[in-house]
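Chemist: Following this message is one structure expressed as structure tokens.
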Amino acid sequence: MQTSDYQRLDRAHHLHPFTDFKALGEEGSRIIERGEGVYIIDSEGNRILDGMAGLWCVNLGYGREELVEAATAQMRQLPYYNNFFKTTHPPAVKLAETLCRLAPPHINRVFFTGSGSEANDTVLRMVRRYWALKGQPEKQWVIGRENAYHGSTVAGLSLGGMAPMHEQGGPLVPKIAHVRQPWWFGEGRFGEGRSEGQDPETFGRECAAALEAKILELGEENVAAFIAEPVQGAGGAIIPPASYWPAVKAVLAKYDILLVADEVICGFGRLGEWFGSVHYGLEPDLMPIAKGLSSGYLPIGGVLVGDRVADTLIEEGGEFFHGFTYSGHPTCAAVAQRNLELMEAEGVVERVRDDLGPYLAQRWQALAKHPLVGEARSLGLIGALELIDPATGERFDKALAVGNLCRDLCFASGLVMRSVGDTMIISPPLVISHAEIDELVDKARAALDATLARLA
Ligand code: PLP
């Protein structure tokens, strides 16, 4: 089949996620046929550097035969069996052990799911159940953050704070509130309530104070948990000011509120540690995981459960009426296990921390000098560029959709870089080389130049 054949059938039958169906029908999809290392290859033979690792997940890159072999061997042995009703299988047991060994010491249990969204549904049920078992059933409110993404199931989108999602298909799950995100550039420097002369660290503390104010508004006796990513991914690669997490931790400790660190993007090396929580010293009670767990080769997620919650669920909970047909799916678990073994054997996480992260940071910072860029930031292998109007030094009118223009020009020049409004983001595979980082930065610069030329 030719590209046009795929596009015709796609248009006729396929409803894509997060897509304006009608607009896509007019434009036609790009058909991705193959992957090799950090590159994807489309049906026209274009080789494109995948600066987003798929959807923040192909951490080991494309084309790893070891993962194909792990899947094949497990499918031959036992393609499927479940973990319900007192049964399990070797891949789920081994993966549970590996995950708990890699997790911080106070985390020794995992509940498997098929995705990150299912992991966050599980989180919501677990935290409310935990407090009910503790004799405080009124502790039901969960606080998330505006513009956060925690998945597309009803619980996931309710925990998330994306206004356009909330507007579609409600009502949402009750007793979930949101507080401001620690996005210095967008809200501290250019936001509506910005105050002259404020610095990022003061802003970080203000964001933590907003959390405390929300807890007091809801009543501390009613708040079960706070959920946040260590670095907010889909919201725009938001790296919080250094003051933010210590201040948030202090607030949660003061009111005895559980911390859920969503590690779906930050987990498995993205920030240069096995978990983003380790980078920030968070010691969360629960950590939803997915994506990089299997490098995206097969769908699998889970919730890593700290001793405080796990012990209560186990000792006092009786049967937990919750689970998915594919919780701990053997083939997915075998691939995830092999993925983690390879990451350990190849020192992938340490390399991000000690070599690739600092190298990217140095190359990425050079883009801050570009006239379109108001800020360049990165941590480990996640990064963002904030676009500003060089004529005014202010943000562009949203209606111009400059971020989307830049994204499209990037794609055309052979780089996947995503746009969230006028924030350009990258999250490449963790096996990217220095030369490939150079290529990524050069292509990003070329796309910025092309965007500037279009705006002239
Ligand atoms: N949590 C975070 C932080 C995510 O970025 C995502 C997906 O992008 C999810 C949860 C949902 O994961 P999934 O798409 O596997 O359901």
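Letters for chains follow the order of the structure tokens (A, B, ...), residue numbers begin at 1 for each chain, and ligand numbers begin at 1 in the order shown.
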Using the chain letters and numbers from this document, which residues of segment 85-262 of chain A does DSSP assign to strand (DSSP E or B), as a list in words?
Modeler: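 Those in segment 85-262 of chain A that DSSP calls strand (DSSP E or B) are Ile107, Asn108, Arg109, Val110, Phe111, Phe112, Thr113, Trp141, Val142, Ile143, Gly144, Arg145, Ile176, Ala177, His178, Val179, Val223, Ala224, Ala225, Phe226, Ile227, Ala228, Gln232, Ile238, Leu258, Leu259, Val260 and Ala261 of chain A.
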Chemist: Write out as a PyMOL selection string each polymer residue (protein, DNA or RNA) that has an atom no more than 8 Å from ligand 1, with only C-alpha atoms and all ligand atoms counted.
Modeler: chain A and resi 55-56+114-120+148-153+156+229+232-234+262-266+288-291+299-301
Chemist: Give me, please, the distance in Å between atom CA of Arg194 of chain A and atom CA of Ile382 of chain A, quoted to one decimal.
Modeler: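 Rounded to one decimal, the two atoms are 26.0 Å apart.
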Chemist: I'd like the contact shell of Ile426 of chain A - 10 Å cut-off, only C-alpha atoms, skipping same-chain residues fewer than 2 positions apart - returned as an NGL selection string.
Modeler: :A and (50-53 or 56 or 233 or 236-237 or 378 or 381-385 or 415-419 or 424 or 428-429 or 440 or 444)
Chemist: Can you pull out every residue within 12 Å of Pro284 of chain A, counting only C-alpha atoms, but drop anything in the same chain fewer than 2 positions away, and send it as a ChimeraX atom specification?
Modeler: /A:103-107,225-230,245,248-249,252-253,257-263,275-278,280-282,286-288,303-309
Chemist: Store the residues of this selection in a file with N, CA and C atoms, as a short mmCIF file (atom, residue, chain, number, x, y, z; two decimals), in the first residue's frame.
Modeler:
```cif
data_model
loop_
_atom_site.label_atom_id
_atom_site.label_comp_id
_atom_site.auth_asym_id
_atom_site.auth_seq_id
_atom_site.Cartn_x
_atom_site.Cartn_y
_atom_site.Cartn_z
N ALA A 103 13.12 0.80 43.44
CA ALA A 103 12.37 1.90 44.07
C ALA A 103 13.04 2.29 45.39
N PRO A 104 12.72 3.47 45.93
CA PRO A 104 13.25 3.86 47.24
C PRO A 104 12.91 2.81 48.31
N PRO A 105 13.72 2.73 49.39
CA PRO A 105 13.60 1.62 50.36
C PRO A 105 12.22 1.45 51.00
N HIS A 106 11.46 2.55 51.14
CA HIS A 106 10.16 2.42 51.83
C HIS A 106 9.07 1.90 50.89
N ILE A 107 9.44 1.58 49.63
CA ILE A 107 8.44 1.07 48.69
C ILE A 107 8.74 -0.39 48.38
N ALA A 225 -4.95 13.26 49.69
CA ALA A 225 -3.67 13.17 48.99
C ALA A 225 -3.46 14.35 48.06
N PHE A 226 -2.19 14.56 47.74
CA PHE A 226 -1.79 15.52 46.71
C PHE A 226 -1.10 14.72 45.62
N ILE A 227 -1.47 14.95 44.35
CA ILE A 227 -0.85 14.23 43.24
C ILE A 227 -0.14 15.22 42.32
N ALA A 228 1.11 14.89 41.97
CA ALA A 228 1.88 15.75 41.08
C ALA A 228 3.02 14.96 40.47
N GLU A 229 3.43 15.38 39.28
CA GLU A 229 4.66 14.83 38.70
C GLU A 229 5.86 15.58 39.28
N PRO A 230 6.98 14.90 39.48
CA PRO A 230 8.18 15.61 39.95
C PRO A 230 8.54 16.77 39.02
N TRP A 245 9.56 21.90 45.91
CA TRP A 245 9.28 20.60 46.51
C TRP A 245 9.53 20.56 48.02
N VAL A 248 6.50 22.08 49.54
CA VAL A 248 5.31 21.23 49.40
C VAL A 248 5.39 20.06 50.39
N LYS A 249 6.56 19.46 50.48
CA LYS A 249 6.72 18.33 51.43
C LYS A 249 6.38 18.77 52.85
N LEU A 252 2.59 19.02 53.27
CA LEU A 252 1.91 17.72 53.33
C LEU A 252 2.17 17.05 54.69
N ALA A 253 3.40 17.19 55.19
CA ALA A 253 3.73 16.58 56.49
C ALA A 253 2.92 17.26 57.60
N ILE A 257 -0.99 14.47 54.88
CA ILE A 257 -1.64 14.21 53.58
C ILE A 257 -0.69 13.37 52.73
N LEU A 258 -1.23 12.35 52.08
CA LEU A 258 -0.39 11.45 51.29
C LEU A 258 0.14 12.16 50.05
N LEU A 259 1.35 11.78 49.65
CA LEU A 259 1.93 12.32 48.41
C LEU A 259 1.95 11.23 47.34
N VAL A 260 1.32 11.53 46.21
CA VAL A 260 1.37 10.66 45.04
C VAL A 260 2.27 11.33 44.01
N ALA A 261 3.41 10.72 43.72
CA ALA A 261 4.30 11.26 42.69
C ALA A 261 4.06 10.48 41.41
N ASP A 262 3.46 11.14 40.43
CA ASP A 262 3.17 10.47 39.16
C ASP A 262 4.49 10.35 38.38
N GLU A 263 4.99 9.11 38.29
CA GLU A 263 6.29 8.84 37.67
C GLU A 263 6.15 8.29 36.26
N PHE A 275 13.84 7.10 39.52
CA PHE A 275 12.55 7.79 39.68
C PHE A 275 12.81 9.28 39.90
N GLY A 276 11.94 10.12 39.32
CA GLY A 276 12.10 11.56 39.49
C GLY A 276 12.04 11.94 40.96
N SER A 277 11.26 11.18 41.74
CA SER A 277 11.14 11.44 43.19
C SER A 277 12.49 11.37 43.88
N VAL A 278 13.38 10.53 43.37
CA VAL A 278 14.70 10.39 44.01
C VAL A 278 15.49 11.67 43.75
N TYR A 280 14.42 14.61 43.58
CA TYR A 280 13.95 15.69 44.46
C TYR A 280 13.81 15.26 45.93
N GLY A 281 14.19 14.01 46.25
CA GLY A 281 14.08 13.53 47.63
C GLY A 281 12.66 13.53 48.14
N LEU A 282 11.71 13.06 47.33
CA LEU A 282 10.29 13.22 47.69
C LEU A 282 9.71 12.19 48.66
N LEU A 286 2.84 6.89 47.11
CA LEU A 286 2.45 6.09 45.94
C LEU A 286 3.13 6.65 44.70
N MET A 287 3.53 5.76 43.79
CA MET A 287 4.12 6.22 42.53
C MET A 287 3.48 5.47 41.36
N PRO A 288 2.54 6.09 40.64
CA PRO A 288 2.06 5.49 39.40
C PRO A 288 3.18 5.47 38.36
N VAL A 303 1.22 0.75 40.06
CA VAL A 303 1.37 1.70 41.16
C VAL A 303 2.35 1.10 42.15
N LEU A 304 3.45 1.81 42.37
CA LEU A 304 4.37 1.39 43.42
C LEU A 304 3.82 1.95 44.73
N VAL A 305 3.64 1.05 45.70
CA VAL A 305 2.91 1.42 46.92
C VAL A 305 3.86 1.37 48.12
N GLY A 306 4.01 2.52 48.78
CA GLY A 306 4.87 2.60 49.96
C GLY A 306 4.31 1.80 51.12
N ASP A 307 5.20 1.49 52.08
CA ASP A 307 4.82 0.60 53.18
C ASP A 307 3.62 1.12 53.98
N ARG A 308 3.58 2.42 54.18
CA ARG A 308 2.49 2.98 55.00
C ARG A 308 1.12 2.57 54.44
N VAL A 309 0.93 2.75 53.15
CA VAL A 309 -0.37 2.43 52.54
C VAL A 309 -0.50 0.91 52.35
#
```
Chemist: Identify all residues of segment 89-307 of chain A in alpha helix (DSSP H) (DSSP on the backbone) and supply them as a ChimeraX atom specification.
Modeler: /A:90-102,116-133,154-159,163-166,200-218,244-255,276-280,307
Chemist: Check the smallest atom-to-atom distance from each of A:Gly267, A:His322, A:Leu157, A:Gln181 to Arg125 of chain A using only C-alpha atoms, then report the winner.
Modeler: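 For Arg125 of chain A, the nearest of the candidates is A:His322.
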Chemist: Pick out the residues sitting within 12 Å of Asn404 of chain A, and hand them over as a PyMOL selection string; count only C-alpha atoms, and ignore anything fewer than 6 positions along from it in its own chain.
Modeler: chain A and resi 387+398+410-411+416-425+447-448+451
Chemist: When you draw a straight line from atom CA of Leu49 of chain A to atom CA of Leu360 of chain A, how long is it in Å?
Modeler: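 That distance, rounded to one decimal, is 15.0 Å.
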